[in-house]
>>> print(open('work_23.cif').read())   # mmCIF, C-alpha atoms; chains and numbers go by the auth columns
data_work
#
loop_
_atom_site.group_PDB
_atom_site.id
_atom_site.type_symbol
_atom_site.label_atom_id
_atom_site.label_comp_id
_atom_site.label_asym_id
_atom_site.label_seq_id
_atom_site.Cartn_x
_atom_site.Cartn_y
_atom_site.Cartn_z
_atom_site.B_iso_or_equiv
_atom_site.auth_seq_id
_atom_site.auth_asym_id
ATOM 1 C CA GLN A 1 -117.227 -95.052 -9.547 0.00 1 Y
ATOM 2 C CA VAL A 2 -120.281 -94.927 -7.322 0.00 2 Y
ATOM 3 C CA GLN A 3 -119.446 -94.774 -3.627 0.00 3 Y
ATOM 4 C CA LEU A 4 -121.699 -94.595 -0.590 0.00 4 Y
ATOM 5 C CA VAL A 5 -120.061 -94.145 2.799 0.00 5 Y
ATOM 6 C CA GLU A 6 -122.116 -94.297 5.964 0.00 6 Y
ATOM 7 C CA SER A 7 -121.062 -92.746 9.262 0.00 7 Y
ATOM 8 C CA GLY A 8 -122.487 -91.746 12.619 0.00 8 Y
ATOM 9 C CA GLY A 9 -122.960 -95.146 14.205 0.00 9 Y
ATOM 10 C CA GLY A 10 -121.697 -96.138 17.623 0.00 10 Y
ATOM 11 C CA VAL A 11 -122.772 -97.238 21.066 0.00 11 Y
ATOM 12 C CA VAL A 12 -125.717 -95.311 22.445 0.00 12 Y
ATOM 13 C CA GLN A 13 -127.904 -95.657 25.508 0.00 13 Y
ATOM 14 C CA PRO A 14 -131.583 -96.579 25.196 0.00 14 Y
ATOM 15 C CA GLY A 15 -133.790 -93.557 24.660 0.00 15 Y
ATOM 16 C CA ARG A 16 -131.046 -91.475 23.077 0.00 16 Y
ATOM 17 C CA SER A 17 -130.747 -90.266 19.479 0.00 17 Y
ATOM 18 C CA LEU A 18 -128.288 -90.493 16.620 0.00 18 Y
ATOM 19 C CA ARG A 19 -127.993 -88.979 13.191 0.00 19 Y
ATOM 20 C CA LEU A 20 -126.586 -91.298 10.568 0.00 20 Y
ATOM 21 C CA SER A 21 -125.048 -89.887 7.405 0.00 21 Y
ATOM 22 C CA CYS A 22 -124.384 -91.362 3.988 0.00 22 Y
ATOM 23 C CA ALA A 23 -121.981 -89.471 1.758 0.00 23 Y
ATOM 24 C CA ALA A 24 -122.385 -90.181 -1.946 0.00 24 Y
ATOM 25 C CA SER A 25 -119.927 -89.729 -4.798 0.00 25 Y
ATOM 26 C CA GLY A 26 -119.396 -90.846 -8.360 0.00 26 Y
ATOM 27 C CA PHE A 27 -122.877 -90.047 -9.640 0.00 27 Y
ATOM 28 C CA THR A 28 -125.364 -87.174 -9.950 0.00 28 Y
ATOM 29 C CA PHE A 29 -126.742 -87.398 -6.429 0.00 29 Y
ATOM 30 C CA ASN A 30 -129.702 -85.050 -6.955 0.00 30 Y
ATOM 31 C CA SER A 31 -131.087 -87.352 -9.658 0.00 31 Y
ATOM 32 C CA TYR A 32 -131.573 -90.400 -7.418 0.00 32 Y
ATOM 33 C CA GLY A 33 -133.795 -91.447 -4.593 0.00 33 Y
ATOM 34 C CA MET A 34 -132.049 -93.010 -1.612 0.00 34 Y
ATOM 35 C CA HIS A 35 -132.961 -95.780 0.838 0.00 35 Y
ATOM 36 C CA TRP A 36 -131.962 -96.836 4.342 0.00 36 Y
ATOM 37 C CA VAL A 37 -131.970 -100.532 5.226 0.00 37 Y
ATOM 38 C CA ARG A 38 -130.781 -102.166 8.436 0.00 38 Y
ATOM 39 C CA GLN A 39 -129.675 -105.618 9.486 0.00 39 Y
ATOM 40 C CA ALA A 40 -129.645 -106.812 13.082 0.00 40 Y
ATOM 41 C CA PRO A 41 -126.818 -109.191 13.996 0.00 41 Y
ATOM 42 C CA GLY A 42 -127.389 -112.552 12.354 0.00 42 Y
ATOM 43 C CA LYS A 43 -130.772 -111.479 10.967 0.00 43 Y
ATOM 44 C CA GLY A 44 -132.271 -110.498 7.636 0.00 44 Y
ATOM 45 C CA LEU A 45 -132.644 -107.190 5.852 0.00 45 Y
ATOM 46 C CA ASP A 46 -135.129 -104.664 7.237 0.00 46 Y
ATOM 47 C CA TRP A 47 -136.175 -101.843 4.891 0.00 47 Y
ATOM 48 C CA LEU A 48 -136.536 -98.554 6.789 0.00 48 Y
ATOM 49 C CA ALA A 49 -137.142 -95.549 4.570 0.00 49 Y
ATOM 50 C CA VAL A 50 -136.805 -93.958 1.156 0.00 50 Y
ATOM 51 C CA ILE A 51 -136.527 -90.341 0.033 0.00 51 Y
ATOM 52 C CA SER A 52 -137.086 -89.009 -3.460 0.00 52 Y
ATOM 53 C CA TYR A 53 -134.376 -87.313 -5.509 0.00 53 Y
ATOM 54 C CA ASP A 54 -135.486 -83.838 -4.399 0.00 54 Y
ATOM 55 C CA GLY A 55 -136.532 -84.686 -0.854 0.00 55 Y
ATOM 56 C CA SER A 56 -140.184 -83.948 -1.496 0.00 56 Y
ATOM 57 C CA THR A 57 -141.436 -87.492 -0.871 0.00 57 Y
ATOM 58 C CA THR A 58 -140.591 -89.924 1.892 0.00 58 Y
ATOM 59 C CA HIS A 59 -141.899 -93.321 2.971 0.00 59 Y
ATOM 60 C CA TYR A 60 -141.195 -95.310 6.133 0.00 60 Y
ATOM 61 C CA ALA A 61 -141.543 -98.781 7.550 0.00 61 Y
ATOM 62 C CA ASP A 62 -144.355 -98.929 10.082 0.00 62 Y
ATOM 63 C CA SER A 63 -141.896 -100.064 12.752 0.00 63 Y
ATOM 64 C CA VAL A 64 -139.956 -96.780 12.642 0.00 64 Y
ATOM 65 C CA LYS A 65 -142.577 -94.265 11.541 0.00 65 Y
ATOM 66 C CA GLY A 66 -142.562 -91.335 13.943 0.00 66 Y
ATOM 67 C CA ARG A 67 -139.150 -92.242 15.419 0.00 67 Y
ATOM 68 C CA PHE A 68 -136.906 -92.155 12.355 0.00 68 Y
ATOM 69 C CA THR A 69 -136.628 -89.323 9.833 0.00 69 Y
ATOM 70 C CA ILE A 70 -134.920 -89.508 6.460 0.00 70 Y
ATOM 71 C CA SER A 71 -133.653 -86.312 4.859 0.00 71 Y
ATOM 72 C CA ARG A 72 -131.084 -85.187 2.327 0.00 72 Y
ATOM 73 C CA ASP A 73 -128.821 -82.287 1.490 0.00 73 Y
ATOM 74 C CA ASN A 74 -128.195 -82.264 -2.248 0.00 74 Y
ATOM 75 C CA SER A 75 -125.595 -79.495 -1.891 0.00 75 Y
ATOM 76 C CA ARG A 76 -123.518 -81.897 0.207 0.00 76 Y
ATOM 77 C CA ASN A 77 -124.410 -85.113 -1.643 0.00 77 Y
ATOM 78 C CA THR A 78 -125.521 -86.597 1.639 0.00 78 Y
ATOM 79 C CA VAL A 79 -128.563 -88.452 2.917 0.00 79 Y
ATOM 80 C CA PHE A 80 -129.354 -88.645 6.616 0.00 80 Y
ATOM 81 C CA LEU A 81 -131.304 -90.844 8.971 0.00 81 Y
ATOM 82 C CA GLN A 82 -132.279 -89.281 12.281 0.00 82 Y
ATOM 83 C CA VAL A 83 -132.995 -92.067 14.739 0.00 83 Y
ATOM 84 C CA ASN A 84 -134.726 -91.140 17.992 0.00 84 Y
ATOM 85 C CA SER A 85 -135.834 -92.934 21.138 0.00 85 Y
ATOM 86 C CA LEU A 86 -133.469 -95.791 20.435 0.00 86 Y
ATOM 87 C CA ARG A 87 -134.286 -99.259 21.716 0.00 87 Y
ATOM 88 C CA ALA A 88 -132.228 -102.406 22.101 0.00 88 Y
ATOM 89 C CA GLU A 89 -133.962 -103.858 19.051 0.00 89 Y
ATOM 90 C CA ASP A 90 -132.589 -101.019 16.905 0.00 90 Y
ATOM 91 C CA THR A 91 -129.110 -102.532 17.269 0.00 91 Y
ATOM 92 C CA ALA A 92 -128.060 -103.230 13.697 0.00 92 Y
ATOM 93 C CA VAL A 93 -125.841 -102.343 10.786 0.00 93 Y
ATOM 94 C CA TYR A 94 -127.480 -99.487 8.918 0.00 94 Y
ATOM 95 C CA TYR A 95 -126.979 -99.328 5.155 0.00 95 Y
ATOM 96 C CA CYS A 96 -127.804 -96.609 2.692 0.00 96 Y
ATOM 97 C CA ALA A 97 -128.522 -97.628 -0.888 0.00 97 Y
ATOM 98 C CA ARG A 98 -129.234 -95.883 -4.157 0.00 98 Y
ATOM 99 C CA ARG A 99 -132.655 -96.192 -5.757 0.00 99 Y
ATOM 100 C CA LYS A 100 -132.472 -97.244 -9.384 0.00 100 Y
ATOM 101 C CA ALA A 101 -135.662 -96.710 -11.343 0.00 101 Y
ATOM 102 C CA VAL A 102 -136.406 -98.833 -14.375 0.00 102 Y
ATOM 103 C CA SER A 103 -137.567 -96.079 -16.665 0.00 103 Y
ATOM 104 C CA GLY A 104 -141.101 -96.152 -17.926 0.00 104 Y
ATOM 105 C CA LEU A 105 -142.142 -99.154 -15.908 0.00 105 Y
ATOM 106 C CA GLY A 106 -142.434 -97.867 -12.360 0.00 106 Y
ATOM 107 C CA LEU A 107 -140.072 -100.629 -11.226 0.00 107 Y
ATOM 108 C CA GLU A 108 -137.088 -99.977 -9.004 0.00 108 Y
ATOM 109 C CA TYR A 109 -134.292 -101.702 -7.191 0.00 109 Y
ATOM 110 C CA LEU A 110 -131.374 -100.862 -4.897 0.00 110 Y
ATOM 111 C CA ASP A 111 -128.354 -100.903 -7.156 0.00 111 Y
ATOM 112 C CA TYR A 112 -125.509 -99.592 -4.982 0.00 112 Y
ATOM 113 C CA TRP A 113 -125.048 -100.085 -1.251 0.00 113 Y
ATOM 114 C CA GLY A 114 -122.652 -98.654 1.275 0.00 114 Y
ATOM 115 C CA GLN A 115 -120.701 -100.846 3.678 0.00 115 Y
ATOM 116 C CA GLY A 116 -122.895 -99.880 6.601 0.00 116 Y
ATOM 117 C CA THR A 117 -122.490 -98.266 10.007 0.00 117 Y
ATOM 118 C CA LEU A 118 -123.080 -100.220 13.212 0.00 118 Y
ATOM 119 C CA VAL A 119 -125.445 -98.865 15.820 0.00 119 Y
ATOM 120 C CA THR A 120 -125.400 -100.597 19.192 0.00 120 Y
ATOM 121 C CA VAL A 121 -128.056 -99.647 21.714 0.00 121 Y
ATOM 122 C CA SER A 122 -126.959 -100.615 25.196 0.00 122 Y
ATOM 123 C CA SER A 123 -126.879 -99.183 28.677 0.00 123 Y
ATOM 124 C CA ASP B 1 -148.159 -104.121 4.372 0.00 1 S
ATOM 125 C CA ILE B 2 -147.102 -106.786 1.886 0.00 2 S
ATOM 126 C CA GLN B 3 -145.486 -109.797 3.542 0.00 3 S
ATOM 127 C CA MET B 4 -142.745 -111.672 1.693 0.00 4 S
ATOM 128 C CA THR B 5 -142.176 -115.313 2.629 0.00 5 S
ATOM 129 C CA GLN B 6 -139.048 -117.077 1.456 0.00 6 S
ATOM 130 C CA SER B 7 -138.321 -120.780 1.511 0.00 7 S
ATOM 131 C CA PRO B 8 -136.307 -122.601 2.496 0.00 8 S
ATOM 132 C CA SER B 9 -134.614 -120.534 5.210 0.00 9 S
ATOM 133 C CA SER B 10 -131.419 -122.477 4.590 0.00 10 S
ATOM 134 C CA LEU B 11 -130.125 -125.173 2.291 0.00 11 S
ATOM 135 C CA SER B 12 -126.995 -127.154 1.707 0.00 12 S
ATOM 136 C CA ALA B 13 -126.003 -128.216 -1.792 0.00 13 S
ATOM 137 C CA SER B 14 -122.992 -129.416 -3.700 0.00 14 S
ATOM 138 C CA VAL B 15 -120.981 -127.672 -6.367 0.00 15 S
ATOM 139 C CA GLY B 16 -122.746 -128.132 -9.684 0.00 16 S
ATOM 140 C CA ASP B 17 -126.195 -128.629 -8.162 0.00 17 S
ATOM 141 C CA ARG B 18 -129.246 -126.761 -9.366 0.00 18 S
ATOM 142 C CA VAL B 19 -130.623 -124.652 -6.525 0.00 19 S
ATOM 143 C CA THR B 20 -134.079 -123.115 -6.316 0.00 20 S
ATOM 144 C CA ILE B 21 -135.287 -120.532 -3.808 0.00 21 S
ATOM 145 C CA THR B 22 -138.882 -119.407 -3.667 0.00 22 S
ATOM 146 C CA CYS B 23 -140.502 -116.195 -2.532 0.00 23 S
ATOM 147 C CA ARG B 24 -144.216 -115.692 -2.019 0.00 24 S
ATOM 148 C CA ALA B 25 -145.958 -112.327 -1.668 0.00 25 S
ATOM 149 C CA SER B 26 -149.061 -111.856 0.452 0.00 26 S
ATOM 150 C CA GLN B 27 -150.761 -110.086 -2.467 0.00 27 S
ATOM 151 C CA ASP B 28 -150.301 -109.637 -6.199 0.00 28 S
ATOM 152 C CA ILE B 29 -147.142 -107.610 -6.864 0.00 29 S
ATOM 153 C CA SER B 30 -146.941 -108.189 -10.634 0.00 30 S
ATOM 154 C CA THR B 31 -143.194 -108.341 -11.362 0.00 31 S
ATOM 155 C CA TYR B 32 -142.120 -105.792 -8.747 0.00 32 S
ATOM 156 C CA LEU B 33 -139.699 -108.277 -7.239 0.00 33 S
ATOM 157 C CA ASN B 34 -135.940 -108.113 -6.804 0.00 34 S
ATOM 158 C CA TRP B 35 -133.364 -110.633 -5.607 0.00 35 S
ATOM 159 C CA TYR B 36 -130.230 -109.746 -3.669 0.00 36 S
ATOM 160 C CA GLN B 37 -127.176 -111.733 -2.668 0.00 37 S
ATOM 161 C CA GLN B 38 -125.266 -111.012 0.521 0.00 38 S
ATOM 162 C CA LYS B 39 -121.935 -112.680 1.127 0.00 39 S
ATOM 163 C CA PRO B 40 -120.643 -112.978 4.704 0.00 40 S
ATOM 164 C CA GLY B 41 -119.493 -109.633 6.068 0.00 41 S
ATOM 165 C CA LYS B 42 -120.466 -107.750 2.921 0.00 42 S
ATOM 166 C CA ALA B 43 -123.236 -105.451 1.809 0.00 43 S
ATOM 167 C CA PRO B 44 -125.993 -106.938 -0.353 0.00 44 S
ATOM 168 C CA ARG B 45 -125.867 -106.675 -4.129 0.00 45 S
ATOM 169 C CA VAL B 46 -128.699 -106.957 -6.606 0.00 46 S
ATOM 170 C CA LEU B 47 -128.808 -110.070 -8.779 0.00 47 S
ATOM 171 C CA ILE B 48 -132.202 -109.889 -10.460 0.00 48 S
ATOM 172 C CA TYR B 49 -134.674 -107.043 -10.796 0.00 49 S
ATOM 173 C CA ALA B 50 -138.210 -106.910 -12.153 0.00 50 S
ATOM 174 C CA ALA B 51 -138.520 -110.620 -11.322 0.00 51 S
ATOM 175 C CA SER B 52 -136.434 -111.895 -14.219 0.00 52 S
ATOM 176 C CA THR B 53 -133.940 -109.268 -15.468 0.00 53 S
ATOM 177 C CA LEU B 54 -130.334 -110.131 -14.745 0.00 54 S
ATOM 178 C CA GLN B 55 -128.321 -107.205 -13.383 0.00 55 S
ATOM 179 C CA SER B 56 -125.270 -106.304 -15.423 0.00 56 S
ATOM 180 C CA GLY B 57 -122.210 -108.273 -14.361 0.00 57 S
ATOM 181 C CA VAL B 58 -124.134 -111.067 -12.653 0.00 58 S
ATOM 182 C CA PRO B 59 -123.248 -114.570 -13.897 0.00 59 S
ATOM 183 C CA SER B 60 -125.787 -116.151 -16.207 0.00 60 S
ATOM 184 C CA ARG B 61 -126.200 -119.173 -13.917 0.00 61 S
ATOM 185 C CA PHE B 62 -128.542 -116.948 -11.893 0.00 62 S
ATOM 186 C CA SER B 63 -132.093 -116.560 -13.173 0.00 63 S
ATOM 187 C CA GLY B 64 -135.419 -115.373 -11.858 0.00 64 S
ATOM 188 C CA SER B 65 -138.986 -116.124 -12.776 0.00 65 S
ATOM 189 C CA GLY B 66 -142.533 -115.566 -11.636 0.00 66 S
ATOM 190 C CA SER B 67 -145.203 -112.920 -11.409 0.00 67 S
ATOM 191 C CA GLY B 68 -148.165 -112.145 -9.224 0.00 68 S
ATOM 192 C CA THR B 69 -147.465 -113.792 -5.888 0.00 69 S
ATOM 193 C CA ASP B 70 -144.981 -116.585 -6.595 0.00 70 S
ATOM 194 C CA PHE B 71 -141.371 -116.110 -7.600 0.00 71 S
ATOM 195 C CA THR B 72 -138.268 -118.232 -7.977 0.00 72 S
ATOM 196 C CA LEU B 73 -134.534 -117.616 -7.965 0.00 73 S
ATOM 197 C CA THR B 74 -132.556 -120.397 -9.609 0.00 74 S
ATOM 198 C CA ILE B 75 -128.840 -121.053 -9.592 0.00 75 S
ATOM 199 C CA SER B 76 -128.329 -123.477 -12.467 0.00 76 S
ATOM 200 C CA SER B 77 -124.952 -124.817 -11.367 0.00 77 S
ATOM 201 C CA LEU B 78 -123.903 -123.895 -7.854 0.00 78 S
ATOM 202 C CA GLN B 79 -120.367 -122.553 -7.481 0.00 79 S
ATOM 203 C CA PRO B 80 -118.246 -122.202 -4.331 0.00 80 S
ATOM 204 C CA GLU B 81 -118.475 -118.412 -4.525 0.00 81 S
ATOM 205 C CA ASP B 82 -122.285 -118.626 -4.292 0.00 82 S
ATOM 206 C CA LEU B 83 -122.021 -119.226 -0.550 0.00 83 S
ATOM 207 C CA ALA B 84 -124.258 -116.403 0.637 0.00 84 S
ATOM 208 C CA ALA B 85 -127.666 -115.342 1.886 0.00 85 S
ATOM 209 C CA TYR B 86 -130.305 -114.494 -0.692 0.00 86 S
ATOM 210 C CA PHE B 87 -133.179 -112.084 -0.157 0.00 87 S
ATOM 211 C CA CYS B 88 -136.215 -111.164 -2.190 0.00 88 S
ATOM 212 C CA GLN B 89 -137.776 -107.691 -1.986 0.00 89 S
ATOM 213 C CA GLN B 90 -141.035 -106.310 -3.257 0.00 90 S
ATOM 214 C CA THR B 91 -141.115 -102.778 -4.622 0.00 91 S
ATOM 215 C CA TYR B 92 -144.796 -102.751 -5.564 0.00 92 S
ATOM 216 C CA THR B 93 -145.718 -100.379 -2.747 0.00 93 S
ATOM 217 C CA PRO B 94 -144.085 -98.933 0.376 0.00 94 S
ATOM 218 C CA PRO B 95 -143.019 -100.264 2.797 0.00 95 S
ATOM 219 C CA LEU B 96 -140.651 -102.117 0.477 0.00 96 S
ATOM 220 C CA THR B 97 -140.446 -105.349 2.418 0.00 97 S
ATOM 221 C CA PHE B 98 -137.789 -108.043 2.195 0.00 98 S
ATOM 222 C CA GLY B 99 -138.211 -111.758 2.562 0.00 99 S
ATOM 223 C CA GLY B 100 -136.616 -113.429 5.558 0.00 100 S
ATOM 224 C CA GLY B 101 -133.685 -114.733 3.531 0.00 101 S
ATOM 225 C CA THR B 102 -132.239 -118.058 2.434 0.00 102 S
ATOM 226 C CA LYS B 103 -128.792 -119.091 3.555 0.00 103 S
ATOM 227 C CA VAL B 104 -127.005 -121.231 0.973 0.00 104 S
ATOM 228 C CA GLU B 105 -124.216 -123.500 2.169 0.00 105 S
ATOM 229 C CA ILE B 106 -121.926 -125.449 -0.060 0.00 106 S
#
>>> encode(input="work_23.cif", output="structure tokens")
Amino acid sequence: QVQLVESGGGVVQPGRSLRLSCAASGFTFNSYGMHWVRQAPGKGLDWLAVISYDGSTTHYADSVKGRFTISRDNSRNTVFLQVNSLRAEDTAVYYCARRKAVSGLGLEYLDYWGQGTLVTVSS
Amino acid sequence: DIQMTQSPSSLSASVGDRVTITCRASQDISTYLNWYQQKPGKAPRVLIYAASTLQSGVPSRFSGSGSGTDFTLTISSLQPEDLAAYFCQQTYTPPLTFGGGTKVEI
């Protein structure tokens, strides 16, 4: 069965960096794009970034462009999110999710999600 | 960026009620619209994709409609297990923005 397991969260001081990981299993990882989405406590979903199946294409939310970097290692079935210059407003649960394309139509959706990793930015 | 506006932000309904949630896009997104359900303490799961296609395993009381800028998620007969937050998301163009969410209380 498809599994996505995030790790790398924790308590970090403002201005510091973290690298979040998402380990995938149960599917052919190098055939799927992957997303990162976050959710601040008690708030809605905030889409962050997507990477194509081969890592050649990435897109970011304007709010994190230049501070966050999505990458992947297909040999390790893992997608990463490097988060730099952390701010209090980056405190959130960070989810990775699999991109499911609806073939031939250019449509897509996020069909499997991990359970998330909590990042708390605090001095 | 495309803005997604959901309404209402919360609602309270009784078991068996018909519930409707709306989502409006700031520009035409055709049918590039998905709906997700998030139960308390859990990760989201997709209910509807491409505006009206029911994801496998999702109960048939959930349905989606709309195209262009206006979309609707309907729960035909609300059940206790439908207590959750519901989010729309456009995938027409990056950034793939979500609506603010609708919290459904029973």
>>> closest_residue(input="work_23.cif", among="S:Pro59, S:Pro40, S:Gly66, S:Pro8", to="chain Y", atoms="all atoms listed in the file")
S:Pro40
>>> residues_around(input="work_23.cif", residues="region 70-85 of chain Y", least_positions_apart="5", cutoff="6 Å", atoms="only C-alpha atoms", output="ChimeraX atom specification")
/Y:15-24,29-30
>>> atom_distance(input="work_23.cif", atom1="CA of Val121 (chain Y)", atom2="CA of Ser52 (chain Y)")
28.8 Å
>>> interface_residues(input="work_23.cif", of="chain Y", to="chain S", cutoff="9 Å", atoms="all atoms listed in the file", output="ChimeraX atom specification")
/Y:43-50,59-62,95,102,106-116
>>> atom_distance(input="work_23.cif", atom1="CA of Glu89 (chain Y)", atom2="CA of Gly10 (chain Y)")
14.6 Å
>>> atom_distance(input="work_23.cif", atom1="CA of Gln3 (chain Y)", atom2="CA of Leu54 (chain S)")
21.9 Å
>>> resolve_selection(input="work_23.cif", expression="the PyMOL selection byres ((chain Y and resi 92) around 7)", output="PyMOL selection string")
chain Y and resi 38-41+90-91+93-94+118-120
>>> resolve_selection(input="work_23.cif", expression="the PyMOL selection byres ((chain S and resi 77) around 6)", output="PyMOL selection string")
chain S and resi 16-18+75-76+78
>>> residues_near_point(input="work_23.cif", point="(-147.8, -108.2, -6.0)", cutoff="6 Å", atoms="all atoms listed in the file", output="JSON, numbers by chain")
{"S": [27, 28, 29, 30, 68, 69]}
>>> closest_residue(input="work_23.cif", among="Y:Val11, Y:Val2, Y:Met34, Y:Ala101", to="Leu86 (chain Y)", atoms="all atoms listed in the file")
Y:Val11
>>> residues_around(input="work_23.cif", residues="Thr5 (chain S)", least_positions_apart="2", cutoff="7 Å", atoms="only C-alpha atoms", output="list in words")
Gln3, Ser7, Cys23, Arg24, Ala25, Gly99 and Gly100 of chain S
>>> axis_aligned_box(input="work_23.cif", around="region 61-74 of chain Y", padding_each_side="3 Å", output="JSON")
{"center_x": -136.3, "center_y": -91.2, "center_z": 6.6, "size_x": 22.2, "size_y": 23.8, "size_z": 23.7}
>>> closest_residue(input="work_23.cif", among="Y:Val37, Y:Ser56, Y:Phe68, Y:Arg98", to="Ser25 (chain Y)", atoms="all atoms listed in the file")
Y:Arg98
